[in-house]
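The next block holds one structure in the form of structure tokens; read it before the comments.
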Amino acid sequence: MAAPRILAVDPERLMRDLEMAEDSPTTKKPAGVELERRRFPLNRWEFMVAFGVFFVFAVGLFCIYQTMPAAEYGRLKLPRSISDLRILKDQLGTYASIHPTKFILGYCSTYIFMQTFMIPGTIFMSLLAGALFGVIKGIFLVVLNSTAGASSCYFLSKLIGRPIVQWLWPAKLKLFQAEVAKRRDKLLNYMLFLRITPTLPNLFINLASPIVDVPYHIFFLATVVGLVPAAYITVRAGLALGDLNSVKDLYGFKTLSVLFLIGFVSILPTILKRKRIYE
């Protein structure tokens with residue numbers, strides 16, 4: 001019977017082999033390294049640009065607040081629930097009637113700031129517009145501020161948004177890009193459909209549109225027109241805050257059915273055109 005061989009291991013050679021394996025481009029990186037990369041979608045330059053834009057907006061908003069007349073009540077806070085909104089509405093009702101111009105300036109600045117930097121809570125700002133300003137004026141303010149904030153978000157995303165969208169919604173971005181490419185001839189109708197219906201979140205549309213080459217004039221027109229139905233629903237609900245229990249009550253089956261019906265009308269020309277082509 002042959003004696004077993006003894007394997008001699010050279011420690012220095014083993015260390016060199018391990019180092020070469022780690023440096024090899026084909027070597028799979030540890031999961032922790034990949035996770036660390038996913039946590040930071042922006043490089044240093046993109047982060048500095050984002051921070052700089054945020055700082056400029058924040059300073060401008062602070063300066064506007066400093067010019068506003070002092071209120072008799074304590075520190076205000078953004079509402080996070082319907083009950084918070086009722087309290088805020090009672091506090092701001094008298095202030096808005098005494099200082100209407102200053103209040104509207106502060107309201108619009110806050111709304112645009114939140115919309116630009118994707119800060120949750122604009123739905124409460126829309127409800128507040130209905131509670132304080134009524135239907136016509138409320139819809140005008142909501143559509144104006146939503147369009148301005150969405151436009152700011154569009155141009156900010158055009159500058160640094162690609163890694164963020166690819167990091168957050170990679171599959172959804174590919175699908176959106178394919179759908180936009182198929183509908184180039186009737187892109188306005190498609191964008192109107194997306195704005196009117198809750199098919200895609202407005203946040204995603206604002207960030208992804210410049211990345212998939214949706215022209216700004218189409219983005220702007222679709223935003224101005226497409227947000228009117230939802231703004232009307234929200235502003236009308238703001239007139240009766242006492243009957244509203246939560247934000248979910250805004251979009252029941254009946255409301256969603258109406259929105260999808262309006263959205264279907266917006267893409268009807270595209271459907272008819274395709275039918276004529278097939279015939």
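Going through the structure tokens in order, the chains are called A, B, and so on, while each chain numbers its residues from 1 and the ligands are numbered from 1 in the order shown.
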Segment 146-193 of chain A near segment 37-59 of chain A within 8 Å: what's each residue's closest atom pair and its distance in Å to one decimal, counting only C-alpha atoms, ordered by chain then ascending residue number, as CSV?
```
residue,atom,partner,partner_atom,distance
A:Leu156,CA,A:Ala50,CA,7.9
A:Ile160,CA,A:Glu46,CA,5.8
A:Pro163,CA,A:Pro41,CA,5.4
A:Ile164,CA,A:Pro41,CA,5.8
A:Trp167,CA,A:Pro41,CA,6.4
```
Give me a file of those residues, with C-alpha atoms, as a CSV table (one decimal), in the first residue's frame.
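Produced file again-v8.csv, reproduced below:
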```csv
chain,number,residue,atom,x,y,z
A,156,LEU,CA,-32.9,68.6,-11.3
A,160,ILE,CA,-28.3,64.3,-11.6
A,163,PRO,CA,-28.4,57.2,-10.9
A,164,ILE,CA,-31.2,57.8,-8.4
A,167,TRP,CA,-31.2,52.8,-8.1
```
With a cut-off of 7 Å, could you pull out the residues of segment 150-186 of chain A touching segment 192-212 of chain A and give me the nearest pair of atoms for each, distance in Å to one decimal, using only C-alpha atoms, ordered by chain and ascending number, as a tab-separated table?
```
residue	atom	partner	partner_atom	distance
A:Ala150	CA	A:Asn206	CA	5.8
A:Cys153	CA	A:Asn206	CA	6.1
A:Tyr154	CA	A:Asn206	CA	5.3
A:Ser157	CA	A:Leu207	CA	5.4
A:Lys158	CA	A:Pro210	CA	5.4
A:Gly161	CA	A:Leu207	CA	6.5
A:Arg162	CA	A:Ile211	CA	6.2
A:Val165	CA	A:Ala208	CA	6.6
A:Leu173	CA	A:Ala208	CA	6.9
A:Gln177	CA	A:Val212	CA	5.3
```
Using the selection just defined, write its residues with C-alpha atoms as a CSV table (one decimal), in the first residue's frame.
```
chain,number,residue,atom,x,y,z
A,150,ALA,CA,-42.6,69.2,-11.1
A,153,CYS,CA,-37.8,68.3,-10.2
A,154,TYR,CA,-37.6,67.6,-14.0
A,157,SER,CA,-33.3,65.0,-12.4
A,158,LYS,CA,-32.0,65.9,-15.9
A,161,GLY,CA,-31.3,62.1,-11.5
A,162,ARG,CA,-30.3,59.1,-13.6
A,165,VAL,CA,-34.0,56.5,-10.7
A,173,LEU,CA,-37.6,52.7,-15.7
A,177,GLN,CA,-38.6,53.9,-21.5
```
Q: One decimal, Å: what's the distance from atom CA of Pro100 of chain A over to atom CA of Ile139 of chain A, could you say?
A: 16.7 Å
Q. When DSSP works through the backbone of this structure, what residues of segment 23-260 of chain A end up as alpha helix (DSSP H), shown as an MDAnalysis selection string?
A. chainID A and resid 23 31:39 44:67 82:98 100:116 122:133 135:160 162:168 170:182 187:196 202:208 216:226 228:238 253:260
**Q.** Long-range neighbours of Val225 of chain A as a list of chain:residue names, 12 Å cut-off, only C-alpha atoms, 6 positions minimum in chain
**A.** A:Ile139, A:Phe140, A:Val143, A:Leu144, A:Ser146, A:Thr147, A:Leu188, A:Asn189, A:Met191, A:Leu192, A:Phe193, A:Leu194, A:Arg195, A:Ile196, A:Ile218, A:Phe219, A:Ala231, A:Tyr232, A:Ile262, A:Gly263, A:Ser266
For C-alpha atoms, I'd like the residues from the last selection saved as a short mmCIF file (atom, residue, chain, number, x, y, z; two decimals), in the first residue's frame.
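Saved file again01.cif follows:
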```
data_model
loop_
_atom_site.label_atom_id
_atom_site.label_comp_id
_atom_site.auth_asym_id
_atom_site.auth_seq_id
_atom_site.Cartn_x
_atom_site.Cartn_y
_atom_site.Cartn_z
CA ILE A 139 -57.42 74.43 -8.07
CA PHE A 140 -55.45 77.27 -9.66
CA VAL A 143 -52.02 73.15 -10.42
CA LEU A 144 -49.67 76.14 -10.52
CA SER A 146 -47.57 71.30 -8.72
CA THR A 147 -46.46 72.26 -12.23
CA LEU A 188 -48.67 63.94 -25.22
CA ASN A 189 -51.73 61.67 -25.04
CA MET A 191 -48.29 61.49 -20.71
CA LEU A 192 -51.78 62.90 -20.12
CA PHE A 193 -53.02 59.40 -19.36
CA LEU A 194 -50.23 58.89 -16.82
CA ARG A 195 -50.90 62.25 -15.14
CA ILE A 196 -54.65 61.77 -14.90
CA ILE A 218 -44.83 67.76 -23.58
CA PHE A 219 -44.04 67.19 -19.90
CA ALA A 231 -56.64 68.74 -8.06
CA TYR A 232 -60.40 69.22 -8.31
CA ILE A 262 -60.91 60.56 -18.26
CA GLY A 263 -57.50 58.98 -18.85
CA SER A 266 -57.02 61.15 -23.40
#
```
Q) Quick one: of A:Ala131, A:Leu250, A:Ser97, A:Leu259, who's nearest to Gly226 of chain A, counting only C-alpha atoms? A) A:Leu259
Q. What is the distance between atom CA of Val228 of chain A and atom CA of Gly134 of chain A, in Å to one decimal?
A. 14.7 Å
Need to verify the contact set: Phe133 of chain A, 12 Å, only C-alpha atoms, exclusion of same-chain residues closer than 5 positions in sequence. Can you return it as a PDB file with N, CA, C and O atoms, in the first residue's frame?
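Result file follows (result_0.pdb):
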```pdb
ATOM      1  N   LYS A  89     -55.572  74.371   9.728  1.00  0.00           N
ATOM      2  CA  LYS A  89     -56.562  75.178   9.003  1.00  0.00           C
ATOM      3  C   LYS A  89     -57.190  76.214   9.930  1.00  0.00           C
ATOM      4  O   LYS A  89     -57.381  77.386   9.557  1.00  0.00           O
ATOM      5  N   LEU A  92     -54.550  78.983  10.554  1.00  0.00           N
ATOM      6  CA  LEU A  92     -54.166  79.819   9.425  1.00  0.00           C
ATOM      7  C   LEU A  92     -55.324  80.575   8.798  1.00  0.00           C
ATOM      8  O   LEU A  92     -55.097  81.461   7.974  1.00  0.00           O
ATOM      9  N   GLY A  93     -56.554  80.224   9.146  1.00  0.00           N
ATOM     10  CA  GLY A  93     -57.705  80.875   8.532  1.00  0.00           C
ATOM     11  C   GLY A  93     -57.689  82.386   8.723  1.00  0.00           C
ATOM     12  O   GLY A  93     -57.812  83.156   7.754  1.00  0.00           O
ATOM     13  N   ALA A  96     -54.551  84.071   7.018  1.00  0.00           N
ATOM     14  CA  ALA A  96     -54.662  84.181   5.565  1.00  0.00           C
ATOM     15  C   ALA A  96     -55.586  85.317   5.152  1.00  0.00           C
ATOM     16  O   ALA A  96     -55.374  85.955   4.110  1.00  0.00           O
ATOM     17  N   SER A  97     -56.605  85.582   5.944  1.00  0.00           N
ATOM     18  CA  SER A  97     -57.527  86.675   5.609  1.00  0.00           C
ATOM     19  C   SER A  97     -56.911  88.045   5.918  1.00  0.00           C
ATOM     20  O   SER A  97     -57.220  89.030   5.235  1.00  0.00           O
ATOM     21  N   PRO A 100     -53.245  88.178   3.067  1.00  0.00           N
ATOM     22  CA  PRO A 100     -53.452  87.223   1.960  1.00  0.00           C
ATOM     23  C   PRO A 100     -52.255  87.091   1.034  1.00  0.00           C
ATOM     24  O   PRO A 100     -51.880  85.981   0.652  1.00  0.00           O
ATOM     25  N   PHE A 103     -49.293  85.380   2.783  1.00  0.00           N
ATOM     26  CA  PHE A 103     -49.606  83.978   3.058  1.00  0.00           C
ATOM     27  C   PHE A 103     -49.519  83.135   1.781  1.00  0.00           C
ATOM     28  O   PHE A 103     -48.968  82.034   1.794  1.00  0.00           O
ATOM     29  N   ILE A 104     -50.068  83.632   0.686  1.00  0.00           N
ATOM     30  CA  ILE A 104     -50.019  82.892  -0.577  1.00  0.00           C
ATOM     31  C   ILE A 104     -48.573  82.706  -1.034  1.00  0.00           C
ATOM     32  O   ILE A 104     -48.199  81.636  -1.543  1.00  0.00           O
ATOM     33  N   TYR A 107     -47.188  79.992   1.143  1.00  0.00           N
ATOM     34  CA  TYR A 107     -47.814  78.718   0.786  1.00  0.00           C
ATOM     35  C   TYR A 107     -47.210  78.168  -0.504  1.00  0.00           C
ATOM     36  O   TYR A 107     -46.820  76.996  -0.581  1.00  0.00           O
ATOM     37  N   MET A 125     -51.147  69.807   1.569  1.00  0.00           N
ATOM     38  CA  MET A 125     -51.111  71.189   1.095  1.00  0.00           C
ATOM     39  C   MET A 125     -52.235  71.450   0.095  1.00  0.00           C
ATOM     40  O   MET A 125     -52.830  72.542   0.074  1.00  0.00           O
ATOM     41  N   SER A 126     -52.558  70.447  -0.722  1.00  0.00           N
ATOM     42  CA  SER A 126     -53.662  70.588  -1.671  1.00  0.00           C
ATOM     43  C   SER A 126     -55.006  70.647  -0.940  1.00  0.00           C
ATOM     44  O   SER A 126     -55.891  71.427  -1.297  1.00  0.00           O
ATOM     45  N   LEU A 127     -55.166  69.810   0.069  1.00  0.00           N
ATOM     46  CA  LEU A 127     -56.392  69.865   0.883  1.00  0.00           C
ATOM     47  C   LEU A 127     -56.521  71.208   1.582  1.00  0.00           C
ATOM     48  O   LEU A 127     -57.622  71.771   1.691  1.00  0.00           O
ATOM     49  N   LEU A 128     -55.399  71.733   2.058  1.00  0.00           N
ATOM     50  CA  LEU A 128     -55.410  73.034   2.728  1.00  0.00           C
ATOM     51  C   LEU A 128     -55.826  74.141   1.776  1.00  0.00           C
ATOM     52  O   LEU A 128     -56.510  75.084   2.172  1.00  0.00           O
ATOM     53  N   GLY A 138     -58.394  77.498  -5.281  1.00  0.00           N
ATOM     54  CA  GLY A 138     -57.621  76.358  -4.784  1.00  0.00           C
ATOM     55  C   GLY A 138     -57.064  75.511  -5.916  1.00  0.00           C
ATOM     56  O   GLY A 138     -55.902  75.113  -5.888  1.00  0.00           O
ATOM     57  N   ILE A 139     -57.895  75.217  -6.923  1.00  0.00           N
ATOM     58  CA  ILE A 139     -57.416  74.432  -8.072  1.00  0.00           C
ATOM     59  C   ILE A 139     -56.297  75.180  -8.791  1.00  0.00           C
ATOM     60  O   ILE A 139     -55.283  74.578  -9.187  1.00  0.00           O
ATOM     61  N   PHE A 140     -56.481  76.482  -8.980  1.00  0.00           N
ATOM     62  CA  PHE A 140     -55.450  77.270  -9.658  1.00  0.00           C
ATOM     63  C   PHE A 140     -54.124  77.195  -8.912  1.00  0.00           C
ATOM     64  O   PHE A 140     -53.060  76.975  -9.518  1.00  0.00           O
ATOM     65  N   LEU A 141     -54.159  77.348  -7.588  1.00  0.00           N
ATOM     66  CA  LEU A 141     -52.930  77.317  -6.794  1.00  0.00           C
ATOM     67  C   LEU A 141     -52.286  75.929  -6.811  1.00  0.00           C
ATOM     68  O   LEU A 141     -51.058  75.800  -6.931  1.00  0.00           O
ATOM     69  N   VAL A 142     -53.099  74.892  -6.690  1.00  0.00           N
ATOM     70  CA  VAL A 142     -52.549  73.533  -6.662  1.00  0.00           C
ATOM     71  C   VAL A 142     -51.900  73.183  -7.994  1.00  0.00           C
ATOM     72  O   VAL A 142     -50.779  72.657  -8.032  1.00  0.00           O
ATOM     73  N   VAL A 235     -59.170  69.386  -3.828  1.00  0.00           N
ATOM     74  CA  VAL A 235     -59.621  70.693  -3.339  1.00  0.00           C
ATOM     75  C   VAL A 235     -61.055  70.615  -2.829  1.00  0.00           C
ATOM     76  O   VAL A 235     -61.387  71.207  -1.796  1.00  0.00           O
ATOM     77  N   ARG A 236     -61.904  69.897  -3.558  1.00  0.00           N
ATOM     78  CA  ARG A 236     -63.287  69.727  -3.089  1.00  0.00           C
ATOM     79  C   ARG A 236     -63.328  69.023  -1.746  1.00  0.00           C
ATOM     80  O   ARG A 236     -64.140  69.364  -0.868  1.00  0.00           O
ATOM     81  N   GLY A 238     -61.059  69.220   0.491  1.00  0.00           N
ATOM     82  CA  GLY A 238     -60.580  70.163   1.493  1.00  0.00           C
ATOM     83  C   GLY A 238     -61.667  71.074   2.024  1.00  0.00           C
ATOM     84  O   GLY A 238     -61.545  71.612   3.135  1.00  0.00           O
ATOM     85  N   LEU A 239     -62.743  71.248   1.267  1.00  0.00           N
ATOM     86  CA  LEU A 239     -63.858  72.076   1.742  1.00  0.00           C
ATOM     87  C   LEU A 239     -64.624  71.402   2.872  1.00  0.00           C
ATOM     88  O   LEU A 239     -65.338  72.071   3.614  1.00  0.00           O
TER      89      LEU A 239
END
```
Q) Contacts of Pro69 of chain A at 12 Å or less, counting only C-alpha atoms, minus same-chain residues fewer than 5 places along, as a PyMOL selection string? A) chain A and resi 64+95-96+98-103+106
Keeping all heavy atoms, export the residues of the selection given above as a PDB file, in the first residue's frame.
```
ATOM      1  N   ILE A  64     -38.099  84.121   2.742  1.00  0.00           N
ATOM      2  CA  ILE A  64     -39.522  84.437   2.564  1.00  0.00           C
ATOM      3  C   ILE A  64     -40.240  84.366   3.902  1.00  0.00           C
ATOM      4  O   ILE A  64     -41.059  85.234   4.241  1.00  0.00           O
ATOM      5  CB  ILE A  64     -40.151  83.486   1.543  1.00  0.00           C
ATOM      6  CG1 ILE A  64     -39.615  83.791   0.137  1.00  0.00           C
ATOM      7  CG2 ILE A  64     -41.680  83.587   1.555  1.00  0.00           C
ATOM      8  CD1 ILE A  64     -40.060  82.822  -0.917  1.00  0.00           C
ATOM      9  N   TYR A  95     -55.137  84.260   9.759  1.00  0.00           N
ATOM     10  CA  TYR A  95     -53.882  84.812   9.244  1.00  0.00           C
ATOM     11  C   TYR A  95     -53.967  85.033   7.738  1.00  0.00           C
ATOM     12  O   TYR A  95     -53.524  86.058   7.210  1.00  0.00           O
ATOM     13  CB  TYR A  95     -52.739  83.869   9.580  1.00  0.00           C
ATOM     14  CG  TYR A  95     -51.369  84.400   9.225  1.00  0.00           C
ATOM     15  CD1 TYR A  95     -50.640  85.143  10.139  1.00  0.00           C
ATOM     16  CD2 TYR A  95     -50.802  84.149   7.987  1.00  0.00           C
ATOM     17  CE1 TYR A  95     -49.377  85.632   9.820  1.00  0.00           C
ATOM     18  CE2 TYR A  95     -49.547  84.624   7.657  1.00  0.00           C
ATOM     19  CZ  TYR A  95     -48.833  85.369   8.584  1.00  0.00           C
ATOM     20  OH  TYR A  95     -47.595  85.849   8.267  1.00  0.00           O
ATOM     21  N   ALA A  96     -54.551  84.071   7.018  1.00  0.00           N
ATOM     22  CA  ALA A  96     -54.662  84.181   5.565  1.00  0.00           C
ATOM     23  C   ALA A  96     -55.586  85.317   5.152  1.00  0.00           C
ATOM     24  O   ALA A  96     -55.374  85.955   4.110  1.00  0.00           O
ATOM     25  CB  ALA A  96     -55.153  82.864   4.978  1.00  0.00           C
ATOM     26  N   ILE A  98     -56.029  88.125   6.917  1.00  0.00           N
ATOM     27  CA  ILE A  98     -55.399  89.398   7.273  1.00  0.00           C
ATOM     28  C   ILE A  98     -54.207  89.703   6.357  1.00  0.00           C
ATOM     29  O   ILE A  98     -54.007  90.841   5.933  1.00  0.00           O
ATOM     30  CB  ILE A  98     -54.939  89.363   8.748  1.00  0.00           C
ATOM     31  CG1 ILE A  98     -56.144  89.192   9.670  1.00  0.00           C
ATOM     32  CG2 ILE A  98     -54.182  90.648   9.103  1.00  0.00           C
ATOM     33  CD1 ILE A  98     -55.774  89.039  11.137  1.00  0.00           C
ATOM     34  N   HIS A  99     -53.421  88.687   6.047  1.00  0.00           N
ATOM     35  CA  HIS A  99     -52.225  88.870   5.199  1.00  0.00           C
ATOM     36  C   HIS A  99     -52.317  87.943   3.979  1.00  0.00           C
ATOM     37  O   HIS A  99     -51.538  86.983   3.863  1.00  0.00           O
ATOM     38  CB  HIS A  99     -50.949  88.561   5.987  1.00  0.00           C
ATOM     39  CG  HIS A  99     -50.865  89.244   7.308  1.00  0.00           C
ATOM     40  ND1 HIS A  99     -50.585  90.595   7.437  1.00  0.00           N
ATOM     41  CD2 HIS A  99     -51.016  88.766   8.582  1.00  0.00           C
ATOM     42  CE1 HIS A  99     -50.565  90.917   8.720  1.00  0.00           C
ATOM     43  NE2 HIS A  99     -50.825  89.829   9.430  1.00  0.00           N
ATOM     44  N   PRO A 100     -53.245  88.178   3.067  1.00  0.00           N
ATOM     45  CA  PRO A 100     -53.452  87.223   1.960  1.00  0.00           C
ATOM     46  C   PRO A 100     -52.255  87.091   1.034  1.00  0.00           C
ATOM     47  O   PRO A 100     -51.880  85.981   0.652  1.00  0.00           O
ATOM     48  CB  PRO A 100     -54.677  87.809   1.227  1.00  0.00           C
ATOM     49  CG  PRO A 100     -54.695  89.258   1.594  1.00  0.00           C
ATOM     50  CD  PRO A 100     -54.157  89.335   2.984  1.00  0.00           C
ATOM     51  N   THR A 101     -51.620  88.221   0.669  1.00  0.00           N
ATOM     52  CA  THR A 101     -50.509  88.160  -0.284  1.00  0.00           C
ATOM     53  C   THR A 101     -49.305  87.435   0.304  1.00  0.00           C
ATOM     54  O   THR A 101     -48.707  86.560  -0.336  1.00  0.00           O
ATOM     55  CB  THR A 101     -50.105  89.578  -0.721  1.00  0.00           C
ATOM     56  OG1 THR A 101     -51.241  90.252  -1.259  1.00  0.00           O
ATOM     57  CG2 THR A 101     -49.011  89.526  -1.770  1.00  0.00           C
ATOM     58  N   LYS A 102     -48.934  87.808   1.523  1.00  0.00           N
ATOM     59  CA  LYS A 102     -47.796  87.172   2.181  1.00  0.00           C
ATOM     60  C   LYS A 102     -48.057  85.686   2.418  1.00  0.00           C
ATOM     61  O   LYS A 102     -47.157  84.851   2.256  1.00  0.00           O
ATOM     62  CB  LYS A 102     -47.508  87.863   3.516  1.00  0.00           C
ATOM     63  CG  LYS A 102     -46.954  89.267   3.386  1.00  0.00           C
ATOM     64  CD  LYS A 102     -45.508  89.234   2.947  1.00  0.00           C
ATOM     65  CE  LYS A 102     -44.883  90.611   2.978  1.00  0.00           C
ATOM     66  NZ  LYS A 102     -43.457  90.586   2.561  1.00  0.00           N
ATOM     67  N   PHE A 103     -49.293  85.380   2.783  1.00  0.00           N
ATOM     68  CA  PHE A 103     -49.606  83.978   3.058  1.00  0.00           C
ATOM     69  C   PHE A 103     -49.519  83.135   1.781  1.00  0.00           C
ATOM     70  O   PHE A 103     -48.968  82.034   1.794  1.00  0.00           O
ATOM     71  CB  PHE A 103     -51.001  83.852   3.661  1.00  0.00           C
ATOM     72  CG  PHE A 103     -51.423  82.434   3.907  1.00  0.00           C
ATOM     73  CD1 PHE A 103     -50.941  81.740   5.011  1.00  0.00           C
ATOM     74  CD2 PHE A 103     -52.263  81.771   3.026  1.00  0.00           C
ATOM     75  CE1 PHE A 103     -51.303  80.432   5.230  1.00  0.00           C
ATOM     76  CE2 PHE A 103     -52.625  80.458   3.241  1.00  0.00           C
ATOM     77  CZ  PHE A 103     -52.155  79.782   4.353  1.00  0.00           C
ATOM     78  N   GLY A 106     -45.921  82.484   0.923  1.00  0.00           N
ATOM     79  CA  GLY A 106     -45.343  81.440   1.769  1.00  0.00           C
ATOM     80  C   GLY A 106     -45.892  80.061   1.432  1.00  0.00           C
ATOM     81  O   GLY A 106     -45.144  79.074   1.412  1.00  0.00           O
TER      82      GLY A 106
END
```
Q.
What does the structure give for the distance between atom CA of Gly121 of chain A and atom CA of Thr255 of chain A, in Å to one decimal?
A. 20.5 Å
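Nearest-residue note for Asp185 of chain A: choosing from A:Val214, A:Gly130, A:Ile233, A:Ala171, the minimum distance belongs to A:Val214, counting only C-alpha atoms.
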(Q) Counting only C-alpha atoms, which residue out of A:Tyr190, A:Val135, A:Pro120, A:Ser81 sits closest to Ala237 of chain A? (A) A:Val135
Q: Select, from A:Trp169, A:Phe62, A:Phe117, A:Phe124, the residue with the minimum atom-to-atom distance to Leu85 of chain A, counting only C-alpha atoms.
A: A:Phe124
